[in-house]
Every structure is written in structure tokens, then in C-alpha cells.
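S.K.: One structure coming up, written as C-alpha cells, with questions to follow.
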Amino acid sequence: MGVSENSRGLILAVASSAFIGASFILKKKGLKRAGASGTRAGVGGYTYLLEPLWWAGMVTMIVGEVANFVAYVYAPAVLVTPLGALSIIISAVLAHFMLKERLQKMGVVGCVSCVVGSVVIVIHAPQEHTPSSVQEIWTLATQPAFLIYVLATLSIVLALILHFEPRCGQTNILVYLGICSLMGSITVVSIKAIGIAIKLTLEGINQIAYPQTWFFLSVAVICVITQLNYLNRALDTFNAALVSPVYYVMFTTLTIVASAIMFKDWSGQDVSSIASELCGFITVLSGTIILHATREQEPAPPIGTVTWYVSGDSLKGIEEHLITVQSSDEQ
């Protein structure tokens with residue numbers, strides 16, 4: 001008996017979580033090293049582009065995202081997206097050992113809750129109807145309900161970028177991660193459309209000639225670039241074990257909402273199955289909130305402070321703080 005499409009999506013989603021969870025730690029270490037010798041990403045610097053460790057994390061994340069991309073082709077977002085909780089567990093455990101960001105006992109409880117919730121969701125996940133063409137996906141994407149969602153999302157993102165980021169982006173984690181999550185929900189539905197187009201093309205039903213395919217690809221590229229930019233800022237400004245769960249909660253919630261509106265994931269399911277999925281999702285969210293509550297936010301550098309660092313033995317990750325010049329308010 002062949003492997004079902006949901007099972008393929010499940011395997012790919014788990015592999016994706018492993019790679020993505022590890023990538024958070026590698027990128028965080030790269031950002032720390034880059035920030036010690038140049039302008040931090042949190043304040044708009046790009047010196048991390050010269051850091052090999054950050055690129056190692058980037059490659060790892062790309063591998064994870066590719067696996068995630070394919071997973072969305074085979075399984076519904078309501079199954080694939082919540083399994084991202086596994087990346088939180090991997091990220092938290094690695095942060096405990098590699099970044100010395102201590103994982104509290106309640107954090108372990110949060111990890112267990114994420115696993116339990118994910119299992120419940122997997123058991124009750126719906127079998128998705130795969131659209132037969134990009135034109136059918138385009139019809140779903142241009143239905144009034146989804147267009148309203150997209151308009152609301154873009155309006156909130158612009159407000160966060162233009163108004164809230166300059167004022168509280170360095171102190172409120174929801175600003176950067178709000179931008180990432182909102183854009184991410186649009187990324188997922190676009191990537192799912194692209195994945196289905198590629199799958200149909202490989203099966204002999206050419207979808208490349210349709211302009212809708214290229215439109216979805218353009219949207220996905222713009223959204224991914226935006227996500228990466230603000231995720232780097234969030235990672236450089238806040239604790240990695242704080243960024244990962246908060247990002248997961250916001251991204252997962254918005255993605256499931258967007259997918260449910262566009263692809264109608266829950267149509268045809270009975271009430272008990274939908275209730276079980278919601279209970280599993282709430283359990284996963286509870287686990288991530290516990291992880292969030294047991295981690296401390298990294299303090300932002302004081303305004304008006306100039307700091308010089310000299311890197312010690314790179315293998316030991318030692319950084320010696322030499323001089324701090326504090327600006328005075330007195331004239």
C-alpha cells in the first residue's frame with residue numbers, strides 16, 4: 001500500500017522543523033559575532049552578511065523551508081503549520097546548550113504540550129482536495145473573503161513598518177514578528193499555489209504558461225524577503241528562545257486563518273474532528289506561551305551608548321567588553 005499524501009506531508013513537515021529549529025541557533029550565533037564587529041542587524045546593520053555562521057544558518061533554514069514548501073503541496077496547512085512547534089522544541093533545547101539561554105522546568109512542560117497538541121492535530125487532520133489547475137487556485141485567491149483578508153493584512157503591515165517600528169520596534173517584540181507573521185500567512189498560500197503548479201506540470205499538465213503562476217511566485221519572493229529582513233532584526237534584538245515561540249504562535253494562527261479562508265480546509269469535516277483539531281492547536285499554543293513565559297527578554301543596548309568589543313578565542317566564543325562611553329543628558 002502506498003504512502004498517503006498526508007503522510008508525505010507529515011514526514012516533510014517534521015524534517016522541516018528540525019532544520020528550521022537548528023537554523024535559528026546558527027543565525028543567532030552569527031548575528032552575535034557580526035554585531036561585535038559592526039552595526040547590529042537590530043538597528044539596520046548588514047554586517048552579518050559577511051559572517052559564515054549566519055550563512056550556515058541561512059542554508060539550513062532554506063533546506064527546512066524547501067521541505068516545508070513540498071509538505072504544503074501534499075498536506076493541508078492545518079496539518080503542516082502546527083507541526084512547526086517541533087522547531088520551537090529543537091530551538092529551545094539547542095539554545096539551552098549552545099547559547100546558554102537557560103531552559104526552565106516549565107519550559108520542558110511547554111515542549112511536551114507542543115508535542116501532545118501536534119499529535120492530536122495529526123490524528124484528526126483533514127484530507128485536502130488538491131486544485132486541478134492554477135486557474136482554479138486563482139479563483140480561490142480572488143474570492144471576496146480572501147481579498148478582504150489580504151487588504152487587511154497589507155494595511156496592518158504598512159502601519160507596523162511606517163508608524164510602530166520607529167517608535168517601539170526595539171522594545172516590543174510584536175512589531176517585528178507581527179510583520180513576519182502577517183507576510184508569512186500570504187507567503188504560505190502563495191507557496192502552496194506554486195507547489196501545486198509545479199506538481200501538476202511534472203504530471204504533464206503544464207501550468208508554467210499561465211501568468212497566475214508567475215504572479216504567485218512574485219508575491220512569494222517579496223513576502224519571503226520581507227520576512228527574512230524583519231526576522232533577522234527580531235533575532236538580533238530579542239532572546240532566540242523568545243522569538244521562536246512567539247513567532248510560531250502568530251505565524252501559525254494567521255496561516256491557518258488564511259488557508260481556511262482561501263482553501264476551505266475544514267469543509268466536509270464533522271464537528272468532532274474540527275473540535276479535536278482546535279483543542280490540539282490550543283494545546284500547542286499553550287505550550288508556546290509557557291515557553292515564552294519562562295524566558296527572559298534580552299536587554300536592548302542603552303540609547304546613547306557606544307560600545308567597543310574585541311573578539312577573543314572564536315572557538316570558545318569569548319568577547320571582552322573593553323570600553324563603554326555613556327552619553328550624558330547634561331549640556
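By order of appearance in the C-alpha cells: chains A, B, ..., then residues from 1 within every chain, and ligands from 1 in the order shown.
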Would you list the contacts of Lys264 of chain A as a PDB file with N, CA, C and O atoms, in the first residue's frame, taking every protein, DNA or RNA residue within 12 Å and counting only C-alpha atoms, but skipping same-chain residues closer than 3 positions in sequence?
M.R.:
```pdb
ATOM      1  N   PRO A  76      -2.708  19.674   3.965  1.00  0.00           N
ATOM      2  CA  PRO A  76      -3.314  20.981   4.240  1.00  0.00           C
ATOM      3  C   PRO A  76      -2.522  21.778   5.269  1.00  0.00           C
ATOM      4  O   PRO A  76      -1.801  21.205   6.093  1.00  0.00           O
ATOM      5  N   ALA A  77      -2.676  23.089   5.219  1.00  0.00           N
ATOM      6  CA  ALA A  77      -1.950  23.965   6.146  1.00  0.00           C
ATOM      7  C   ALA A  77      -2.310  23.681   7.598  1.00  0.00           C
ATOM      8  O   ALA A  77      -1.478  23.854   8.489  1.00  0.00           O
ATOM      9  N   VAL A  78      -3.542  23.225   7.848  1.00  0.00           N
ATOM     10  CA  VAL A  78      -3.969  22.951   9.215  1.00  0.00           C
ATOM     11  C   VAL A  78      -3.191  21.780   9.807  1.00  0.00           C
ATOM     12  O   VAL A  78      -3.106  21.639  11.026  1.00  0.00           O
ATOM     13  N   PRO A 126      -7.518  16.910   8.187  1.00  0.00           N
ATOM     14  CA  PRO A 126      -8.397  16.576   7.046  1.00  0.00           C
ATOM     15  C   PRO A 126      -7.610  16.167   5.812  1.00  0.00           C
ATOM     16  O   PRO A 126      -6.449  16.535   5.656  1.00  0.00           O
ATOM     17  N   GLN A 127      -8.242  15.394   4.950  1.00  0.00           N
ATOM     18  CA  GLN A 127      -7.680  15.102   3.631  1.00  0.00           C
ATOM     19  C   GLN A 127      -8.086  16.250   2.708  1.00  0.00           C
ATOM     20  O   GLN A 127      -9.258  16.554   2.571  1.00  0.00           O
ATOM     21  N   GLU A 128      -7.089  16.865   2.099  1.00  0.00           N
ATOM     22  CA  GLU A 128      -7.344  18.075   1.322  1.00  0.00           C
ATOM     23  C   GLU A 128      -7.640  17.771  -0.148  1.00  0.00           C
ATOM     24  O   GLU A 128      -7.048  16.870  -0.744  1.00  0.00           O
ATOM     25  N   HIS A 129      -8.572  18.548  -0.707  1.00  0.00           N
ATOM     26  CA  HIS A 129      -8.828  18.478  -2.150  1.00  0.00           C
ATOM     27  C   HIS A 129      -7.796  19.339  -2.870  1.00  0.00           C
ATOM     28  O   HIS A 129      -7.654  20.534  -2.586  1.00  0.00           O
ATOM     29  N   THR A 130      -7.030  18.721  -3.749  1.00  0.00           N
ATOM     30  CA  THR A 130      -5.993  19.443  -4.484  1.00  0.00           C
ATOM     31  C   THR A 130      -6.582  20.076  -5.738  1.00  0.00           C
ATOM     32  O   THR A 130      -7.178  19.378  -6.562  1.00  0.00           O
ATOM     33  N   PRO A 131      -6.446  21.400  -5.900  1.00  0.00           N
ATOM     34  CA  PRO A 131      -6.947  22.060  -7.114  1.00  0.00           C
ATOM     35  C   PRO A 131      -6.334  21.455  -8.366  1.00  0.00           C
ATOM     36  O   PRO A 131      -5.187  21.012  -8.358  1.00  0.00           O
ATOM     37  N   ILE A 137      -6.909  27.791  -8.507  1.00  0.00           N
ATOM     38  CA  ILE A 137      -6.331  28.438  -7.324  1.00  0.00           C
ATOM     39  C   ILE A 137      -6.566  29.945  -7.387  1.00  0.00           C
ATOM     40  O   ILE A 137      -6.859  30.591  -6.375  1.00  0.00           O
ATOM     41  N   LEU A 140      -9.909  30.822  -6.214  1.00  0.00           N
ATOM     42  CA  LEU A 140      -9.964  30.795  -4.745  1.00  0.00           C
ATOM     43  C   LEU A 140      -9.322  32.044  -4.152  1.00  0.00           C
ATOM     44  O   LEU A 140      -9.799  32.594  -3.159  1.00  0.00           O
ATOM     45  N   ALA A 141      -8.210  32.506  -4.777  1.00  0.00           N
ATOM     46  CA  ALA A 141      -7.479  33.660  -4.248  1.00  0.00           C
ATOM     47  C   ALA A 141      -8.205  34.977  -4.470  1.00  0.00           C
ATOM     48  O   ALA A 141      -7.933  35.964  -3.782  1.00  0.00           O
ATOM     49  N   GLN A 143     -11.581  35.321  -4.381  1.00  0.00           N
ATOM     50  CA  GLN A 143     -12.895  35.371  -3.753  1.00  0.00           C
ATOM     51  C   GLN A 143     -12.918  36.531  -2.754  1.00  0.00           C
ATOM     52  O   GLN A 143     -11.896  36.858  -2.143  1.00  0.00           O
ATOM     53  N   ALA A 145     -13.856  37.117   0.320  1.00  0.00           N
ATOM     54  CA  ALA A 145     -13.404  36.920   1.706  1.00  0.00           C
ATOM     55  C   ALA A 145     -11.880  36.944   1.799  1.00  0.00           C
ATOM     56  O   ALA A 145     -11.311  37.580   2.709  1.00  0.00           O
ATOM     57  N   PHE A 146     -11.206  36.296   0.854  1.00  0.00           N
ATOM     58  CA  PHE A 146      -9.743  36.270   0.910  1.00  0.00           C
ATOM     59  C   PHE A 146      -9.150  37.613   0.512  1.00  0.00           C
ATOM     60  O   PHE A 146      -8.124  38.036   1.060  1.00  0.00           O
ATOM     61  N   VAL A 189       0.186  30.630   1.413  1.00  0.00           N
ATOM     62  CA  VAL A 189      -0.820  30.343   0.380  1.00  0.00           C
ATOM     63  C   VAL A 189      -0.221  30.521  -1.013  1.00  0.00           C
ATOM     64  O   VAL A 189      -0.591  29.805  -1.955  1.00  0.00           O
ATOM     65  N   ILE A 256      -3.234  29.495   9.413  1.00  0.00           N
ATOM     66  CA  ILE A 256      -4.415  28.637   9.424  1.00  0.00           C
ATOM     67  C   ILE A 256      -5.656  29.433   9.031  1.00  0.00           C
ATOM     68  O   ILE A 256      -6.518  28.950   8.280  1.00  0.00           O
ATOM     69  N   VAL A 257      -5.739  30.668   9.513  1.00  0.00           N
ATOM     70  CA  VAL A 257      -6.874  31.526   9.147  1.00  0.00           C
ATOM     71  C   VAL A 257      -6.871  31.796   7.640  1.00  0.00           C
ATOM     72  O   VAL A 257      -7.898  31.652   6.960  1.00  0.00           O
ATOM     73  N   ALA A 258      -5.697  32.182   7.109  1.00  0.00           N
ATOM     74  CA  ALA A 258      -5.606  32.482   5.676  1.00  0.00           C
ATOM     75  C   ALA A 258      -5.925  31.256   4.822  1.00  0.00           C
ATOM     76  O   ALA A 258      -6.662  31.339   3.834  1.00  0.00           O
ATOM     77  N   SER A 259      -5.387  30.105   5.213  1.00  0.00           N
ATOM     78  CA  SER A 259      -5.619  28.880   4.446  1.00  0.00           C
ATOM     79  C   SER A 259      -7.073  28.438   4.536  1.00  0.00           C
ATOM     80  O   SER A 259      -7.658  27.971   3.551  1.00  0.00           O
ATOM     81  N   ALA A 260      -7.670  28.584   5.721  1.00  0.00           N
ATOM     82  CA  ALA A 260      -9.074  28.195   5.885  1.00  0.00           C
ATOM     83  C   ALA A 260      -9.987  29.065   5.018  1.00  0.00           C
ATOM     84  O   ALA A 260     -10.974  28.581   4.459  1.00  0.00           O
ATOM     85  N   ILE A 261      -9.635  30.358   4.905  1.00  0.00           N
ATOM     86  CA  ILE A 261     -10.446  31.263   4.083  1.00  0.00           C
ATOM     87  C   ILE A 261     -10.281  30.942   2.604  1.00  0.00           C
ATOM     88  O   ILE A 261     -11.263  30.863   1.854  1.00  0.00           O
ATOM     89  N   SER A 267     -13.868  22.286   5.228  1.00  0.00           N
ATOM     90  CA  SER A 267     -15.129  21.908   4.592  1.00  0.00           C
ATOM     91  C   SER A 267     -15.190  20.386   4.457  1.00  0.00           C
ATOM     92  O   SER A 267     -14.229  19.736   4.049  1.00  0.00           O
ATOM     93  N   GLY A 268     -16.328  19.811   4.806  1.00  0.00           N
ATOM     94  CA  GLY A 268     -16.502  18.364   4.711  1.00  0.00           C
ATOM     95  C   GLY A 268     -16.151  17.612   5.977  1.00  0.00           C
ATOM     96  O   GLY A 268     -16.427  16.413   6.088  1.00  0.00           O
ATOM     97  N   GLN A 269     -15.527  18.266   6.963  1.00  0.00           N
ATOM     98  CA  GLN A 269     -15.206  17.601   8.229  1.00  0.00           C
ATOM     99  C   GLN A 269     -16.372  17.708   9.193  1.00  0.00           C
ATOM    100  O   GLN A 269     -17.118  18.698   9.184  1.00  0.00           O
TER     101      GLN A 269
END
```
S.K.: Within segment 32-245 of chain A, find each residue whose DSSP state, derived from the backbone, is helix (DSSP H, G or I), and express the selection as a VMD selection string.
M.R.: chain A and resid 32 to 37 41 to 43 47 to 50 52 to 74 77 to 98 105 to 124 134 to 141 144 to 168 173 to 202 211 to 237 240 to 245
S.K.: Out of A:Leu217, A:Ser133, A:Val115, A:Ser244, which residue has the shortest atom-to-atom distance to Ala22 of chain A when counting only C-alpha atoms?
M.R.: A:Ser244
S.K.: What does the distance from atom CA of Ile88 of chain A to atom CA of Tyr72 of chain A come to in Å, to one decimal?
M.R.: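 Separation of atom CA of Ile88 of chain A and atom CA of Tyr72 of chain A: 19.3 Å.
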S.K.: When distances are computed from only C-alpha atoms, which of A:Ile161, A:Leu10, A:Cys111, A:Leu154 shows the smallest separation from Ser185 of chain A?
M.R.: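 Using only C-alpha atoms, the shortest distance to Ser185 of chain A belongs to A:Leu154.
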S.K.: Need the shell around Tyr248 of chain A: protein/DNA/RNA residues with any atom at most 9 Å away, counting only C-alpha atoms. Skip same-chain ones fewer than 6 positions apart. Format as a PyMOL selection string?
M.R.: chain A and resi 81-82+84-85+87-88+181+285+288
S.K.: For the residues in the current selection, export C-alpha atoms as a compact mmCIF listing (two decimals), in the first residue's frame.
M.R.:
```txt
# COMPACT_ATOMS: atom_id res chain seq x y z
CA THR A 81 1.75 24.59 10.03
CA PRO A 82 1.13 23.44 13.65
CA GLY A 84 6.27 23.90 13.25
CA ALA A 85 6.02 23.59 17.05
CA SER A 87 11.13 23.61 15.60
CA ILE A 88 10.45 25.50 18.83
CA SER A 181 3.73 36.57 10.63
CA LEU A 285 -0.36 27.45 21.66
CA THR A 288 4.48 28.01 23.26
```
S.K.: Neighbours of Ala220 of chain A within 12 Å (only C-alpha atoms; same-chain residues fewer than 6 positions away dropped), as a short mmCIF file (atom, residue, chain, number, x, y, z; two decimals) with N, CA and C atoms, in the first residue's frame?
M.R.:
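Contents of result-v6.cif, as written:
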```cif
data_model
loop_
_atom_site.label_atom_id
_atom_site.label_comp_id
_atom_site.auth_asym_id
_atom_site.auth_seq_id
_atom_site.Cartn_x
_atom_site.Cartn_y
_atom_site.Cartn_z
N PHE A 69 7.92 23.69 2.01
CA PHE A 69 7.27 24.04 0.75
C PHE A 69 6.62 22.81 0.12
N MET A 183 3.00 38.70 6.82
CA MET A 183 3.52 38.41 5.49
C MET A 183 3.66 36.91 5.27
N GLY A 184 3.98 36.19 6.36
CA GLY A 184 4.14 34.75 6.27
C GLY A 184 2.86 34.03 5.89
N SER A 185 1.73 34.53 6.37
CA SER A 185 0.46 33.88 6.03
C SER A 185 0.17 33.98 4.53
N ILE A 186 0.57 35.10 3.93
CA ILE A 186 0.39 35.26 2.49
C ILE A 186 1.43 34.42 1.74
N THR A 187 2.64 34.34 2.33
CA THR A 187 3.69 33.51 1.73
C THR A 187 3.23 32.07 1.59
N VAL A 188 2.61 31.54 2.64
CA VAL A 188 2.22 30.12 2.64
C VAL A 188 1.22 29.81 1.54
N VAL A 189 0.19 30.63 1.41
CA VAL A 189 -0.82 30.34 0.38
C VAL A 189 -0.22 30.52 -1.01
N SER A 190 0.72 31.46 -1.17
CA SER A 190 1.38 31.65 -2.46
C SER A 190 2.28 30.45 -2.79
N ILE A 191 3.04 30.01 -1.79
CA ILE A 191 3.93 28.87 -1.98
C ILE A 191 3.12 27.60 -2.27
N LYS A 192 1.99 27.46 -1.60
CA LYS A 192 1.14 26.29 -1.86
C LYS A 192 0.66 26.31 -3.31
N ALA A 193 0.28 27.49 -3.80
CA ALA A 193 -0.15 27.61 -5.19
C ALA A 193 0.98 27.26 -6.15
N ILE A 194 2.20 27.74 -5.86
CA ILE A 194 3.35 27.44 -6.71
C ILE A 194 3.66 25.95 -6.68
N GLY A 195 3.61 25.36 -5.49
CA GLY A 195 3.89 23.94 -5.36
C GLY A 195 2.92 23.08 -6.15
N THR A 213 0.66 31.81 -12.33
CA THR A 213 1.77 31.09 -11.69
C THR A 213 2.89 32.06 -11.35
N TRP A 214 3.23 32.94 -12.29
CA TRP A 214 4.31 33.90 -12.07
C TRP A 214 3.90 34.98 -11.08
N THR A 226 10.83 40.06 2.81
CA THR A 226 10.36 40.90 3.92
C THR A 226 10.44 40.14 5.24
N GLN A 227 9.99 38.89 5.22
CA GLN A 227 10.05 38.06 6.43
C GLN A 227 11.47 37.92 6.95
#
```
S.K.: With 8 Å as the cut-off and only C-alpha atoms counted, what is the closest atom pair between each nearby residue of segment 168-241 of chain A and segment 39-58 of chain A? Distances in Å to one decimal, ordered by chain and number, as a Markdown table.
M.R.:
```
| residue | atom | partner | partner_atom | distance |
| --- | --- | --- | --- | --- |
| A:Gln170 | CA | A:Gly42 | CA | 7.3 |
| A:Asn232 | CA | A:Ala41 | CA | 6.6 |
| A:Arg233 | CA | A:Gly42 | CA | 4.3 |
| A:Ala234 | CA | A:Gly42 | CA | 6.8 |
| A:Leu235 | CA | A:Gly42 | CA | 7.9 |
| A:Asp236 | CA | A:Gly42 | CA | 5.2 |
| A:Thr237 | CA | A:Gly42 | CA | 5.2 |
```
S.K.: Take the selection from the previous step and output its residues with N, CA and C atoms, as a PDB file, in the first residue's frame.
M.R.:
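Below is the file that was written, result-v2.pdb:
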```pdb
ATOM      1  N   GLN A 170      12.388  48.344  18.853  1.00  0.00           N
ATOM      2  CA  GLN A 170      13.490  47.809  19.637  1.00  0.00           C
ATOM      3  C   GLN A 170      13.060  47.313  21.016  1.00  0.00           C
ATOM      4  N   ASN A 232      15.467  38.680  11.040  1.00  0.00           N
ATOM      5  CA  ASN A 232      16.845  38.953  11.457  1.00  0.00           C
ATOM      6  C   ASN A 232      16.888  40.051  12.516  1.00  0.00           C
ATOM      7  N   ARG A 233      16.084  41.063  12.328  1.00  0.00           N
ATOM      8  CA  ARG A 233      16.052  42.156  13.315  1.00  0.00           C
ATOM      9  C   ARG A 233      15.516  41.664  14.659  1.00  0.00           C
ATOM     10  N   ALA A 234      14.496  40.822  14.602  1.00  0.00           N
ATOM     11  CA  ALA A 234      13.931  40.289  15.841  1.00  0.00           C
ATOM     12  C   ALA A 234      14.933  39.396  16.567  1.00  0.00           C
ATOM     13  N   LEU A 235      15.633  38.534  15.818  1.00  0.00           N
ATOM     14  CA  LEU A 235      16.615  37.636  16.417  1.00  0.00           C
ATOM     15  C   LEU A 235      17.780  38.396  17.027  1.00  0.00           C
ATOM     16  N   ASP A 236      18.177  39.492  16.394  1.00  0.00           N
ATOM     17  CA  ASP A 236      19.307  40.261  16.893  1.00  0.00           C
ATOM     18  C   ASP A 236      18.933  41.117  18.103  1.00  0.00           C
ATOM     19  N   THR A 237      17.650  41.422  18.235  1.00  0.00           N
ATOM     20  CA  THR A 237      17.206  42.316  19.306  1.00  0.00           C
ATOM     21  C   THR A 237      16.715  41.557  20.531  1.00  0.00           C
TER      22      THR A 237
END
```
S.K.: With distances taken over only C-alpha atoms, which of A:Pro166, A:Pro245, A:Gly21, A:Gly117 is nearest to Met61 of chain A?
M.R.: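 Using only C-alpha atoms, Met61 of chain A sits closest to A:Gly21.
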